[in-house]
file run.txt (compact mmCIF, C-alpha atoms)
# COMPACT_ATOMS: atom_id res chain seq x y z
CA MET L 1 50.04 -33.11 104.87
CA ASP L 2 46.62 -31.58 104.89
CA ALA L 3 44.30 -31.92 107.85
CA ARG L 4 40.94 -33.52 107.23
CA LEU L 5 38.04 -34.16 109.52
CA TYR L 6 38.38 -37.69 110.88
CA HIS L 7 36.69 -39.31 113.82
CA LEU L 8 39.55 -41.04 115.55
CA GLN L 9 39.89 -42.53 119.03
CA GLY L 10 36.41 -41.44 120.08
CA LYS L 11 36.69 -37.80 119.04
CA THR L 12 35.79 -35.94 115.89
CA GLU L 13 38.64 -33.63 115.14
CA ARG L 14 40.99 -32.54 112.45
CA VAL L 15 43.41 -35.39 111.96
CA THR L 16 46.32 -35.18 109.60
CA ALA L 17 47.06 -37.81 107.04
CA THR L 18 50.18 -38.49 109.10
CA GLU L 19 48.04 -39.41 112.12
CA LEU L 20 45.87 -41.69 109.96
CA LEU L 21 49.02 -43.30 108.57
CA GLU L 22 50.32 -43.88 112.11
CA LEU L 23 47.06 -45.59 113.03
CA LEU L 24 47.31 -47.89 110.01
CA GLN L 25 50.96 -48.65 110.83
CA GLU L 26 50.05 -49.55 114.42
CA LEU L 27 47.24 -51.82 113.24
CA HIS L 28 49.59 -53.39 110.68
CA ARG L 29 52.12 -54.14 113.45
CA ASP L 30 49.41 -55.73 115.59
CA LYS L 31 48.04 -57.85 112.74
CA LEU L 32 51.52 -58.88 111.57
CA THR L 33 52.38 -59.86 115.15
CA MET L 34 49.23 -61.98 115.22
CA LEU L 35 50.13 -63.61 111.88
CA ARG L 36 53.67 -64.41 112.98
CA GLY L 37 52.29 -65.85 116.23
CA ARG L 38 49.85 -68.07 114.31
CA ILE L 39 52.69 -69.40 112.17
CA ALA L 40 54.65 -70.29 115.32
CA ALA L 41 51.54 -71.78 116.95
CA ALA L 42 50.69 -73.98 113.96
CA ARG L 43 53.89 -75.94 114.60
CA HIS L 44 52.38 -77.09 117.91
CA VAL L 45 49.00 -78.09 116.47
CA GLY L 46 49.41 -81.61 115.18
CA HIS L 47 45.76 -82.56 114.81
CA TYR L 48 45.14 -82.70 111.06
CA ASP L 49 41.80 -80.83 110.98
CA PHE L 50 42.89 -78.20 113.49
CA ASN L 51 46.16 -77.61 111.64
CA ASN L 52 44.23 -77.23 108.37
CA ALA L 53 42.13 -74.53 110.05
CA TYR L 54 45.35 -72.82 111.15
CA GLN L 55 46.65 -72.90 107.58
CA TYR L 56 43.41 -71.29 106.37
CA VAL L 57 43.64 -68.61 109.08
CA ILE L 58 47.31 -67.96 108.26
CA ALA L 59 46.47 -67.50 104.58
CA ARG L 60 43.65 -65.04 105.35
CA GLU L 61 45.75 -63.09 107.84
CA ASP L 62 48.49 -62.85 105.22
CA VAL L 63 45.89 -61.22 102.95
CA HIS L 64 44.93 -58.80 105.76
CA VAL L 65 48.57 -57.83 106.27
CA GLY L 66 48.87 -57.28 102.52
CA TRP L 67 45.85 -54.97 102.47
CA LEU L 68 47.28 -52.95 105.34
CA ARG L 69 50.72 -52.84 103.73
CA ASP L 70 49.19 -51.54 100.48
CA ALA L 71 47.17 -48.87 102.32
CA ILE L 72 50.30 -47.71 104.13
CA LEU L 73 52.36 -47.64 100.95
CA ASP L 74 49.57 -45.72 99.15
CA MET L 75 49.87 -43.05 101.85
CA GLY L 76 53.64 -42.86 101.37
CA GLY L 77 54.51 -44.75 104.56
CA GLU L 78 56.57 -47.78 105.43
CA PRO L 79 54.74 -50.80 106.89
CA GLY L 80 57.57 -52.18 109.03
CA ASP L 81 58.24 -55.77 110.00
CA VAL L 82 57.84 -57.97 113.06
CA ALA L 83 59.90 -61.03 113.96
CA GLU L 84 58.26 -64.36 114.64
CA PRO L 85 57.85 -64.69 118.40
CA ALA L 86 59.52 -67.40 120.42
CA LEU L 87 56.54 -69.44 121.54
CA ARG L 88 56.73 -71.14 124.92
CA VAL L 89 54.31 -74.02 125.20
CA GLU L 90 53.49 -75.74 128.46
CA GLY L 91 52.71 -79.44 128.45
CA ARG L 92 52.76 -81.98 125.65
CA GLY L 93 50.41 -83.44 123.07
CA ASP L 94 46.75 -82.47 123.30
CA ALA L 95 47.32 -80.29 126.37
CA ALA L 96 49.99 -78.22 124.59
CA GLN L 97 47.82 -77.97 121.48
CA ALA L 98 44.84 -76.77 123.52
CA ALA L 99 46.98 -74.20 125.36
CA VAL L 100 48.22 -72.79 122.05
CA MET L 101 44.69 -72.58 120.64
CA ARG L 102 43.35 -70.90 123.79
CA ARG L 103 46.14 -68.31 123.64
CA ASP L 104 45.36 -67.58 119.97
CA ARG L 105 41.62 -67.43 120.64
CA ASP L 106 42.17 -64.90 123.42
CA ALA L 107 44.59 -62.87 121.27
CA ALA L 108 41.96 -62.62 118.51
CA GLN L 109 39.38 -61.34 120.99
CA ALA L 110 41.83 -58.82 122.45
CA PHE L 111 42.71 -57.58 118.94
CA VAL L 112 39.05 -57.00 118.09
CA GLU L 113 38.35 -55.31 121.44
CA LYS L 114 41.31 -52.96 120.94
CA TRP L 115 40.58 -52.05 117.33
CA ARG L 116 36.78 -52.13 116.92
CA PRO L 117 36.09 -48.77 118.64
CA ARG L 118 38.93 -47.11 116.76
CA VAL L 119 37.80 -48.54 113.42
CA GLU L 120 34.17 -47.59 113.96
CA ALA L 121 35.26 -44.06 114.82
CA MET L 122 37.07 -43.60 111.51
CA THR L 123 35.40 -41.46 108.85
CA HIS L 124 37.74 -42.57 106.06
CA ALA L 125 35.21 -44.89 104.40
CA ARG L 126 37.60 -47.04 102.36
CA HIS L 127 39.93 -47.78 105.26
CA ARG L 128 37.04 -48.27 107.69
CA SER L 129 35.40 -50.80 105.34
CA MET L 130 38.66 -52.71 104.88
CA LEU L 131 39.28 -52.77 108.63
CA ARG L 132 35.74 -53.97 109.35
CA VAL L 133 36.39 -56.96 107.08
CA ILE L 134 39.64 -57.66 108.92
CA LEU L 135 37.89 -57.48 112.31
CA GLY L 136 35.03 -59.69 111.11
CA GLU L 137 37.37 -62.33 109.78
CA THR L 138 39.43 -62.18 112.98
CA LEU L 139 36.24 -63.05 114.87
CA GLU L 140 35.67 -65.92 112.42
CA HIS L 141 39.18 -67.18 113.19
CA LYS L 142 38.38 -66.97 116.90
CA ARG L 143 35.27 -69.09 116.25
CA PHE L 144 37.39 -71.74 114.47
CA LEU L 145 39.61 -71.93 117.54
CA GLU L 146 36.63 -72.21 119.87
CA GLN L 147 35.21 -75.04 117.76
CA ALA L 148 38.56 -76.82 117.67
CA LEU L 149 38.83 -76.52 121.45
CA ALA L 150 35.37 -78.08 121.67
CA GLY L 151 36.65 -81.03 119.58
CA ARG L 152 34.85 -80.17 116.33
CA THR L 153 36.68 -81.56 113.32
CA ASP L 154 34.41 -80.14 110.61
CA LEU L 155 35.99 -76.68 110.79
CA LEU L 156 36.48 -76.29 107.04
CA GLY L 157 33.82 -78.71 105.83
CA ARG L 158 32.47 -82.20 106.38
CA ARG L 159 33.84 -85.45 105.09
CA ALA L 160 31.89 -88.30 103.62
CA ASP L 161 30.69 -90.80 106.22
CA GLY L 162 33.56 -92.90 107.49
CA ALA L 163 36.27 -90.81 105.84
CA GLY L 164 39.03 -89.47 108.01
CA THR L 165 42.69 -88.74 108.29
CA ALA L 166 44.91 -90.69 110.64
CA GLY L 167 48.11 -89.46 112.20
CA ALA L 168 49.31 -85.94 112.87
CA VAL L 169 50.81 -83.02 111.02
CA LEU L 170 54.57 -82.58 111.36
CA PRO L 171 55.80 -79.34 112.99
CA THR L 172 57.96 -78.51 109.94
CA ARG L 173 56.93 -78.43 106.32
CA TRP L 174 59.94 -80.10 104.73
CA VAL L 175 61.88 -82.95 106.17
CA GLU L 176 65.05 -83.99 104.33
call {"tool": "encode", "arguments": {"input": "run.txt", "output": "structure tokens"}}
result
Amino acid sequence: MDARLYHLQGKTERVTATELLELLQELHRDKLTMLRGRIAAARHVGHYDFNNAYQYVIAREDVHVGWLRDAILDMGGEPGDVAEPALRVEGRGDAAQAAVMRRDRDAAQAFVEKWRPRVEAMTHARHRSMLRVILGETLEHKRFLEQALAGRTDLLGRRADGAGTAGAVLPTRWVE
């Protein structure tokens, strides 16, 4: 593969398409790991409004993983797969839910801290733009989690006065 001038990992140098592909594959693994973790975490978030926010985040992160998969395939690579993690949750009820949300909030921040400098250093404009959107939306997801931890229920919009949803979300989608 031909070498092109890319600014990667803080240095401007000739980087091969293979090295760019490896970067995208690593980011894909990290984002897919985050998505699989969110799916596992959502099973422990019973509060209706907070679980709805998780479902929104899961849907967006699935889109991010798709974008990365397509970019990798376009470069002739294989995106790889990641298993859903076994999630250990301490406590019960609201305490367990809060612990899960704190872990996910912190994971989103760590993801952005790891990838922002590397993304900003890229000179491949199309990939850099795509990755900036992914980082920005990851910070939005972190904000949802912070608001949920603060007890805000209007994460995805506000209800009419007096409207609400009682009960909790089940940890599995289908019960037979």
call {"tool": "closest_residue", "arguments": {"input": "run.txt", "among": "L:Thr16, L:Gly46, L:His141, L:Asp30", "to": "Ala59 of chain L", "atoms": "all atoms listed in the file"}}
result
L:His141
call {"tool": "residues_near_point", "arguments": {"input": "run.txt", "point": "(41.6, -54.6, 121.2)", "cutoff": "12 Å", "atoms": "only C-alpha atoms", "output": "list in words"}}
result
Glu26, Leu27, Asp30, Lys31, Asp106, Ala107, Ala108, Gln109, Ala110, Phe111, Val112, Glu113, Lys114, Trp115, Arg116, Pro117, Arg118, Val119, Leu135, Thr138 and Leu139 of chain L
call {"tool": "write_last_selection", "arguments": {"input": "run.txt", "atoms": "C-alpha atoms", "output": "mmCIF file, in the coordinates of the input"}}
result
data_model
loop_
_atom_site.group_PDB
_atom_site.id
_atom_site.type_symbol
_atom_site.label_atom_id
_atom_site.label_comp_id
_atom_site.auth_asym_id
_atom_site.auth_seq_id
_atom_site.Cartn_x
_atom_site.Cartn_y
_atom_site.Cartn_z
ATOM 1 C CA GLU L 26 50.050 -49.550 114.420
ATOM 2 C CA LEU L 27 47.240 -51.820 113.240
ATOM 3 C CA ASP L 30 49.410 -55.730 115.590
ATOM 4 C CA LYS L 31 48.040 -57.850 112.740
ATOM 5 C CA ASP L 106 42.170 -64.900 123.420
ATOM 6 C CA ALA L 107 44.590 -62.870 121.270
ATOM 7 C CA ALA L 108 41.960 -62.620 118.510
ATOM 8 C CA GLN L 109 39.380 -61.340 120.990
ATOM 9 C CA ALA L 110 41.830 -58.820 122.450
ATOM 10 C CA PHE L 111 42.710 -57.580 118.940
ATOM 11 C CA VAL L 112 39.050 -57.000 118.090
ATOM 12 C CA GLU L 113 38.350 -55.310 121.440
ATOM 13 C CA LYS L 114 41.310 -52.960 120.940
ATOM 14 C CA TRP L 115 40.580 -52.050 117.330
ATOM 15 C CA ARG L 116 36.780 -52.130 116.920
ATOM 16 C CA PRO L 117 36.090 -48.770 118.640
ATOM 17 C CA ARG L 118 38.930 -47.110 116.760
ATOM 18 C CA VAL L 119 37.800 -48.540 113.420
ATOM 19 C CA LEU L 135 37.890 -57.480 112.310
ATOM 20 C CA THR L 138 39.430 -62.180 112.980
ATOM 21 C CA LEU L 139 36.240 -63.050 114.870
#
call {"tool": "atom_distance", "arguments": {"input": "run.txt", "atom1": "atom CA of Ala98 of chain L", "atom2": "atom CA of Ile39 of chain L"}}
result
15.6 Å
call {"tool": "atom_distance", "arguments": {"input": "run.txt", "atom1": "atom CA of Arg38 of chain L", "atom2": "atom CA of Ile58 of chain L"}}
result
6.6 Å
call {"tool": "atom_distance", "arguments": {"input": "run.txt", "atom1": "atom CA of Ala71 of chain L", "atom2": "atom CA of Arg128 of chain L"}}
result
11.5 Å
call {"tool": "residues_around", "arguments": {"input": "run.txt", "residues": "Val82 of chain L", "least_positions_apart": "2", "cutoff": "10 Å", "atoms": "all atoms listed in the file", "output": "list of chain:residue names"}}
result
L:His28, L:Arg29, L:Asp30, L:Lys31, L:Leu32, L:Thr33, L:Met34, L:Leu35, L:Arg36, L:Pro79, L:Gly80, L:Glu84, L:Pro85
call {"tool": "closest_residue", "arguments": {"input": "run.txt", "among": "L:Asp81, L:Trp67, L:Asp94, L:Val100", "to": "Arg126 of chain L", "atoms": "all atoms listed in the file"}}
result
L:Trp67
call {"tool": "closest_residue", "arguments": {"input": "run.txt", "among": "L:Leu20, L:Met75, L:Ala95, L:Leu87", "to": "Gly37 of chain L", "atoms": "only C-alpha atoms"}}
result
L:Leu87
call {"tool": "closest_residue", "arguments": {"input": "run.txt", "among": "L:His47, L:Arg69, L:Arg92, L:Arg105", "to": "Thr153 of chain L", "atoms": "only C-alpha atoms"}}
result
L:His47
call {"tool": "closest_residue", "arguments": {"input": "run.txt", "among": "L:Lys142, L:Arg152, L:Arg132, L:Arg88", "to": "Ala40 of chain L", "atoms": "all atoms listed in the file"}}
result
L:Arg88
call {"tool": "closest_residue", "arguments": {"input": "run.txt", "among": "L:Val57, L:Leu149, L:Met122, L:Leu23", "to": "Met101 of chain L", "atoms": "all atoms listed in the file"}}
result
L:Leu149
call {"tool": "residues_around", "arguments": {"input": "run.txt", "residues": "segment 53-55 of chain L", "least_positions_apart": "4", "cutoff": "9 Å", "atoms": "only C-alpha atoms", "output": "list of chain:residue names"}}
result
L:Arg38, L:Ile39, L:Ala41, L:Ala42, L:Val45, L:Tyr48, L:Asp49, L:Ala59, L:Arg60, L:His141, L:Phe144, L:Leu145, L:Ala148, L:Leu155, L:Leu156
call {"tool": "write_last_selection", "arguments": {"input": "run.txt", "atoms": "C-alpha atoms", "output": "mmCIF file, in the frame of the given file"}}
result
data_model
loop_
_atom_site.group_PDB
_atom_site.id
_atom_site.type_symbol
_atom_site.label_atom_id
_atom_site.label_comp_id
_atom_site.auth_asym_id
_atom_site.auth_seq_id
_atom_site.Cartn_x
_atom_site.Cartn_y
_atom_site.Cartn_z
ATOM 1 C CA ARG L 38 49.850 -68.070 114.310
ATOM 2 C CA ILE L 39 52.690 -69.400 112.170
ATOM 3 C CA ALA L 41 51.540 -71.780 116.950
ATOM 4 C CA ALA L 42 50.690 -73.980 113.960
ATOM 5 C CA VAL L 45 49.000 -78.090 116.470
ATOM 6 C CA TYR L 48 45.140 -82.700 111.060
ATOM 7 C CA ASP L 49 41.800 -80.830 110.980
ATOM 8 C CA ALA L 59 46.470 -67.500 104.580
ATOM 9 C CA ARG L 60 43.650 -65.040 105.350
ATOM 10 C CA HIS L 141 39.180 -67.180 113.190
ATOM 11 C CA PHE L 144 37.390 -71.740 114.470
ATOM 12 C CA LEU L 145 39.610 -71.930 117.540
ATOM 13 C CA ALA L 148 38.560 -76.820 117.670
ATOM 14 C CA LEU L 155 35.990 -76.680 110.790
ATOM 15 C CA LEU L 156 36.480 -76.290 107.040
#
